[in-house]
Every structure is written in C-alpha cells, then in structure tokens.
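Report on one structure; see the data block that follows.
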There are 2 protein chains.
Amino acid sequence: MAYQDAIVALADPTRRVIIEKLRRGPLPVGAIAAGMDVSRPAVSQHLRVLSDAGLLDVKPEGNRRLYAIAPDGVDELRRYLDTLWDDALAAFARAAEEKAKGNAK
Amino acid sequence: MAYQDAIVALADPTRRVIIEKLRRGPLPVGAIAAGMDVSRPAVSQHLRVLSDAGLLDVKPEGNRRLYAIAPDGVDELRRYLDTLWDDALAAFARAAEEKAKGNAK
DNA sequence: ACGAATCGTAAGTCACGACTTACGGTAAGT
DNA sequence: ACTTACCGTAAGTCGTGACTTACGATTCGT
C-alpha cells in the first residue's frame, strides 16, 4: 500500500471525521459510529478502507476491535508531500532566476 | 480552499500524473496533455480542479497558459499531515504507557 | 446455555465525478 | 483579413464508490 491509497482514503469527508475522532487515541467501532450521520456498517466499511491504506491499526480487544491511527502510514504520505514541496520550491526558484536573467538583458 | 480540497484533488490518478509532469517546472496545457491517455479537455478540467484546490498557479503567457505547482497549496496540506502525525505519535506513546502501567501491577 | 452486545460482510440502490464530442473565443502567423 | 494553433466551457454518457438493510459470526454477561 503506497501513499496513493492513503490519499484516496483521506479524500472522503466521512473518513476524515473518523480520523479526527481517533486523534486523541484508539476507539472501538461503536464509539466511532456514535454521533455520526451514517450507519455503523458504513463506518465499518470506511475503517476497512483506512486500514487497507495503512492509515489505521486494528487491535482486537475481547469483544470489540480497537482502531488507532498508524503513525507509519501517515508518515509515508508526509514524506511524499515533502519531496513534492521541495520540487515545487526548486521549480519556483528556477523560474524566478530565468525571469531575472530575461529582464537583465 | 482548505487542505480538504487539496486531498480530494490529489486523490485522482490522472491528476497525480499531471502533478508529476509539473515537478520539473511550469508547462502549457498542450505539453501536459501530450502522451496522456485522456483528451486535452479532460486535462483542462483536471487543471481547473487542481487550481481551485490551490495546488496550481496559472500564468497566461501570450497564446497559451502556463501551469505550475503552487508551493503554498502543497505546504498547507503538508502542515495538516504534520499535526496529524504529531497526534498519532502522542496517542501511540500514551497507549504504550498505559500498557506498561497495566503490566506492572 | 441462552440472550444481548459488538462487529464484519453481502447485496442492492443511487448520486457524483471522470470521461467524451462539439463548440466558442483569443492570440499568433502569413 | 484569414487561417491555424491553443485553450476553456457545455452537454451528455457511464462507471465507481458511498450508502442502506439484512444477515452471520464471536464474545461477554447471567
């Protein structure tokens, strides 16, 4: 699962709500679905997508299942954006240089 | 336009190809669409989405339009992931602490 | 052992968005 | 001026994915 899956997973607003709920720590499915405007099975399906994307870790705890944000998955996406940002800045600087050279002539 | 729009924009594979093409520097629409497996109007529509999300800057250059990656837009999304990563790590450390305390008893 | 709680999966519906072709508008070339 | 190149927009089609309800599988409580 590469960073692409993480981006696709985070593109859905409902899944971002789930991520926000998990910021403070792990939660079982019921607690995540509570207060949300979609059904619990829908939340389960979203949790599946987030897990497959490497953004969530699952830990079966007796009767229920605890979901938590996986730092590694977030970090993978984070690193991709870092390289993209570097390239964008470099291209920006290069364009500014050529612009200056063009004006100096 | 917040970071959410940037995520949605980057979720599409065709739009990620466009981003990759612009990593080295600004390009006109024709050069971007060249070699891609979708029509040029489709590329135009994608460029529109990326621009609205704040990920691309447009600079009309005579006859054509130069598109370039906007560092600010990338940075906004980058900062969101940084905070998310921080929270994920903190939650992870807290869970490990409670786990250790539970075992110590 | 039996009922209740917690959760995942299957099947089916429906809206949204990623395409296409067709067209109009502006700048460059001759 | 007239054609050509470059690009955005409009309208319409079609697949994908985000929901729902219904069901089955475990685990806890009594």
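Scheme for the structure tokens: letters A, B, ... for chains in order shown; per-chain residue numbers from 1; ligand numbers from 1 in order shown.
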*asked:* If we count only C-alpha atoms (C1' of nucleotides) and set the cut-off at 10 Å, which residues sit around segment 11-26 of chain C, ignoring sequence neighbours fewer than 4 positions away in its own chain? Please answer as a list in words.
replied: Asp12, Thr14, Val38, Ser39, Pro41, Ala42, Gln45, His46, Gly62, Asn63 and Arg64 of chain B; DC6, DC7, DG8, DT9, DA10, DA11, DG12, DT13, DC14, DG15, DT16, DG17, DA18, DC19, DT20, DT21 and DA22 of chain D
*Identify all chain C residues at most 8 Å from chain A by counting only C-alpha atoms (C1' of nucleotides); ligands do not count. Present them as a list in words.*
DT6, DC7 and DG8 of chain C
*asked:* Ranking B:Ile7, B:Arg94, B:Leu47, B:Leu84 by minimum distance to Ala68 of chain B and counting only C-alpha atoms, which one comes first?
replied: B:Leu47
Rotate and translate chain A onto chain B via least squares on all in-order Cα pairs, then write the result as a CSV table (one decimal) with C-alpha atoms, in the first residue's frame.
chain,number,residue,atom,x,y,z
A,1,MET,CA,-9.8,26.5,-0.2
A,2,ALA,CA,-8.6,24.4,2.7
A,3,TYR,CA,-6.5,21.3,2.8
A,4,GLN,CA,-9.5,19.1,2.2
A,5,ASP,CA,-9.8,20.3,-1.4
A,6,ALA,CA,-6.1,19.6,-1.9
A,7,ILE,CA,-6.6,16.0,-0.7
A,8,VAL,CA,-9.7,15.4,-2.9
A,9,ALA,CA,-7.7,16.9,-5.9
A,10,LEU,CA,-4.8,14.6,-5.3
A,11,ALA,CA,-7.0,11.6,-5.0
A,12,ASP,CA,-7.4,11.2,-8.7
A,13,PRO,CA,-4.7,9.2,-10.5
A,14,THR,CA,-4.8,11.3,-13.6
A,15,ARG,CA,-4.3,14.5,-11.6
A,16,ARG,CA,-1.4,12.9,-9.9
A,17,VAL,CA,0.2,12.3,-13.3
A,18,ILE,CA,-0.3,16.0,-14.1
A,19,ILE,CA,1.4,16.9,-10.8
A,20,GLU,CA,4.3,14.6,-11.6
A,21,LYS,CA,4.7,16.3,-15.0
A,22,LEU,CA,4.9,19.7,-13.3
A,23,ARG,CA,7.5,18.7,-10.8
A,24,ARG,CA,10.4,19.9,-13.1
A,25,GLY,CA,8.7,23.2,-13.8
A,26,PRO,CA,5.8,25.0,-15.5
A,27,LEU,CA,4.2,23.6,-18.6
A,28,PRO,CA,1.4,24.7,-21.1
A,29,VAL,CA,-1.7,22.6,-21.3
A,30,GLY,CA,-0.7,21.0,-24.6
A,31,ALA,CA,2.6,19.8,-23.2
A,32,ILE,CA,0.8,18.4,-20.2
A,33,ALA,CA,-1.8,16.5,-22.3
A,34,ALA,CA,0.8,15.2,-24.7
A,35,GLY,CA,1.4,11.4,-24.0
A,36,MET,CA,-1.5,11.1,-21.6
A,37,ASP,CA,-4.3,8.7,-22.3
A,38,VAL,CA,-7.1,11.2,-21.9
A,39,SER,CA,-8.2,14.0,-24.1
A,40,ARG,CA,-7.0,17.6,-23.8
A,41,PRO,CA,-10.3,18.9,-22.5
A,42,ALA,CA,-10.2,16.3,-19.7
A,43,VAL,CA,-6.8,17.6,-18.8
A,44,SER,CA,-8.2,21.2,-18.8
A,45,GLN,CA,-10.9,20.1,-16.3
A,46,HIS,CA,-8.3,18.5,-14.1
A,47,LEU,CA,-6.2,21.6,-14.2
A,48,ARG,CA,-9.3,23.5,-13.1
A,49,VAL,CA,-9.8,21.3,-10.1
A,50,LEU,CA,-6.1,21.5,-9.1
A,51,SER,CA,-6.1,25.3,-9.4
A,52,ASP,CA,-9.3,25.6,-7.3
A,53,ALA,CA,-7.7,23.5,-4.7
A,54,GLY,CA,-4.8,25.9,-4.5
A,55,LEU,CA,-2.3,23.3,-5.8
A,56,LEU,CA,-1.6,25.0,-9.1
A,57,ASP,CA,-0.8,28.6,-10.3
A,58,VAL,CA,-1.8,29.8,-13.7
A,59,LYS,CA,0.2,32.3,-15.7
A,60,PRO,CA,-1.2,33.4,-19.1
A,61,GLU,CA,1.8,33.5,-21.5
A,62,GLY,CA,0.6,35.0,-24.8
A,63,ASN,CA,-1.3,32.4,-26.6
A,64,ARG,CA,-1.1,29.7,-24.0
A,65,ARG,CA,-1.4,29.2,-20.3
A,66,LEU,CA,1.5,28.1,-18.1
A,67,TYR,CA,0.6,25.9,-15.1
A,68,ALA,CA,2.9,25.4,-12.2
A,69,ILE,CA,2.8,23.7,-8.8
A,70,ALA,CA,1.9,26.2,-6.1
A,71,PRO,CA,4.2,25.7,-3.1
A,72,ASP,CA,1.8,27.4,-0.7
A,73,GLY,CA,-1.0,24.9,-1.5
A,74,VAL,CA,1.3,21.9,-1.0
A,75,ASP,CA,2.5,23.4,2.2
A,76,GLU,CA,-1.0,23.8,3.6
A,77,LEU,CA,-1.6,20.1,3.2
A,78,ARG,CA,1.8,19.3,4.5
A,79,ARG,CA,1.2,21.2,7.7
A,80,TYR,CA,-2.1,19.3,8.3
A,81,LEU,CA,-0.3,16.0,8.0
A,82,ASP,CA,2.3,17.2,10.4
A,83,THR,CA,-0.2,17.9,13.1
A,84,LEU,CA,-1.9,14.6,12.4
A,85,TRP,CA,1.4,12.8,12.7
A,86,ASP,CA,2.1,14.5,16.0
A,87,ASP,CA,-1.2,13.5,17.4
A,88,ALA,CA,-0.8,9.9,16.2
A,89,LEU,CA,2.6,9.7,17.8
A,90,ALA,CA,1.3,11.1,21.1
A,91,ALA,CA,-1.6,8.7,21.2
A,92,PHE,CA,0.7,5.9,20.4
A,93,ALA,CA,3.1,6.8,23.2
A,94,ARG,CA,0.2,7.2,25.7
A,95,ALA,CA,-1.2,3.8,24.8
A,96,ALA,CA,2.2,2.3,25.3
A,97,GLU,CA,2.5,4.0,28.7
A,98,GLU,CA,-0.9,2.7,29.9
A,99,LYS,CA,0.0,-0.7,28.6
A,100,ALA,CA,3.2,-0.7,30.7
A,101,LYS,CA,1.4,0.5,33.8
A,102,GLY,CA,-1.2,-2.2,33.3
A,103,ASN,CA,1.5,-4.9,33.1
A,104,ALA,CA,3.4,-3.5,36.1
A,105,LYS,CA,0.5,-4.0,38.5
*Could you list the residues in chain D lying within 8 Å of chain A, using only C-alpha atoms (C1' of nucleotides), and format the result as a ChimeraX atom specification?*
/D:19,26-28
Could you give me, as a compact mmCIF listing (two decimals) with C-alpha atoms, in the first residue's frame, each residue of chain A that DSSP assigns to strand (DSSP E) when run on this structure's backbone?
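Saved as out.txt:
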# COMPACT_ATOMS: atom_id res chain seq x y z
CA LEU A 27 -11.57 3.75 19.88
CA PRO A 28 -13.90 0.79 19.29
CA LEU A 56 -5.15 2.60 10.78
CA ASP A 57 -4.08 -0.22 13.08
CA VAL A 58 -6.58 -2.74 14.43
CA LYS A 59 -6.26 -4.46 17.79
CA PRO A 60 -8.95 -7.00 18.75
CA GLU A 61 -9.76 -6.37 22.42
CA ARG A 64 -14.63 -5.38 20.29
CA ARG A 65 -11.96 -4.05 17.98
CA LEU A 66 -9.83 -1.03 18.76
CA TYR A 67 -8.84 1.20 15.87
CA ALA A 68 -5.92 3.61 16.10
CA ILE A 69 -4.10 5.91 13.71
*asked:* To test your reading of the structure, identify every residue in chain B that backbone DSSP assigns to helix (DSSP H, G or I), and report it as JSON, numbers by chain.
replied: {"B": [3, 4, 5, 6, 7, 8, 9, 10, 13, 14, 15, 16, 17, 18, 19, 20, 21, 29, 30, 31, 32, 33, 40, 41, 42, 43, 44, 45, 46, 47, 48, 49, 50, 51, 52, 71, 72, 73, 74, 75, 76, 77, 78, 79, 80, 81, 82, 83, 84, 85, 86, 87, 88, 89, 90, 91, 92, 93, 94, 95, 96, 97, 98, 99, 100, 101, 102, 103, 104]}
File of the preceding selection, C-alpha atoms, as a compact mmCIF listing (two decimals), in the first residue's frame:
# COMPACT_ATOMS: atom_id res chain seq x y z
CA TYR B 3 -6.47 21.28 2.80
CA GLN B 4 -9.54 19.12 2.20
CA ASP B 5 -9.81 20.32 -1.38
CA ALA B 6 -6.15 19.55 -1.92
CA ILE B 7 -6.62 15.98 -0.73
CA VAL B 8 -9.65 15.44 -2.95
CA ALA B 9 -7.75 16.91 -5.89
CA LEU B 10 -4.77 14.60 -5.35
CA PRO B 13 -4.66 9.23 -10.50
CA THR B 14 -4.84 11.35 -13.66
CA ARG B 15 -4.34 14.49 -11.61
CA ARG B 16 -1.35 12.94 -9.86
CA VAL B 17 0.18 12.28 -13.29
CA ILE B 18 -0.27 15.97 -14.07
CA ILE B 19 1.41 16.91 -10.80
CA GLU B 20 4.34 14.62 -11.60
CA LYS B 21 4.70 16.28 -15.01
CA VAL B 29 -1.72 22.64 -21.36
CA GLY B 30 -0.72 21.04 -24.63
CA ALA B 31 2.58 19.77 -23.25
CA ILE B 32 0.81 18.36 -20.22
CA ALA B 33 -1.83 16.55 -22.27
CA ARG B 40 -6.99 17.57 -23.77
CA PRO B 41 -10.34 18.94 -22.49
CA ALA B 42 -10.21 16.33 -19.75
CA VAL B 43 -6.78 17.64 -18.77
CA SER B 44 -8.19 21.16 -18.76
CA GLN B 45 -10.90 20.10 -16.35
CA HIS B 46 -8.35 18.46 -14.08
CA LEU B 47 -6.21 21.58 -14.17
CA ARG B 48 -9.25 23.53 -13.10
CA VAL B 49 -9.79 21.27 -10.09
CA LEU B 50 -6.13 21.47 -9.10
CA SER B 51 -6.15 25.25 -9.43
CA ASP B 52 -9.32 25.62 -7.36
CA PRO B 71 4.22 25.70 -3.09
CA ASP B 72 1.74 27.35 -0.71
CA GLY B 73 -1.02 24.88 -1.51
CA VAL B 74 1.28 21.91 -1.01
CA ASP B 75 2.53 23.39 2.22
CA GLU B 76 -0.96 23.75 3.63
CA LEU B 77 -1.63 20.06 3.16
CA ARG B 78 1.83 19.30 4.48
CA ARG B 79 1.19 21.14 7.71
CA TYR B 80 -2.10 19.32 8.25
CA LEU B 81 -0.32 15.98 7.98
CA ASP B 82 2.35 17.18 10.38
CA THR B 83 -0.21 17.89 13.11
CA LEU B 84 -1.94 14.60 12.39
CA TRP B 85 1.37 12.81 12.68
CA ASP B 86 2.13 14.53 15.98
CA ASP B 87 -1.21 13.50 17.44
CA ALA B 88 -0.80 9.94 16.18
CA LEU B 89 2.60 9.66 17.83
CA ALA B 90 1.33 11.16 21.10
CA ALA B 91 -1.62 8.76 21.17
CA PHE B 92 0.71 5.89 20.42
CA ALA B 93 3.06 6.83 23.26
CA ARG B 94 0.16 7.26 25.68
CA ALA B 95 -1.20 3.84 24.78
CA ALA B 96 2.23 2.30 25.35
CA GLU B 97 2.45 3.99 28.76
CA GLU B 98 -0.89 2.71 29.94
CA LYS B 99 0.03 -0.68 28.65
CA ALA B 100 3.22 -0.67 30.74
CA LYS B 101 1.35 0.52 33.82
CA GLY B 102 -1.19 -2.24 33.39
CA ASN B 103 1.52 -4.87 33.17
CA ALA B 104 3.39 -3.53 36.20
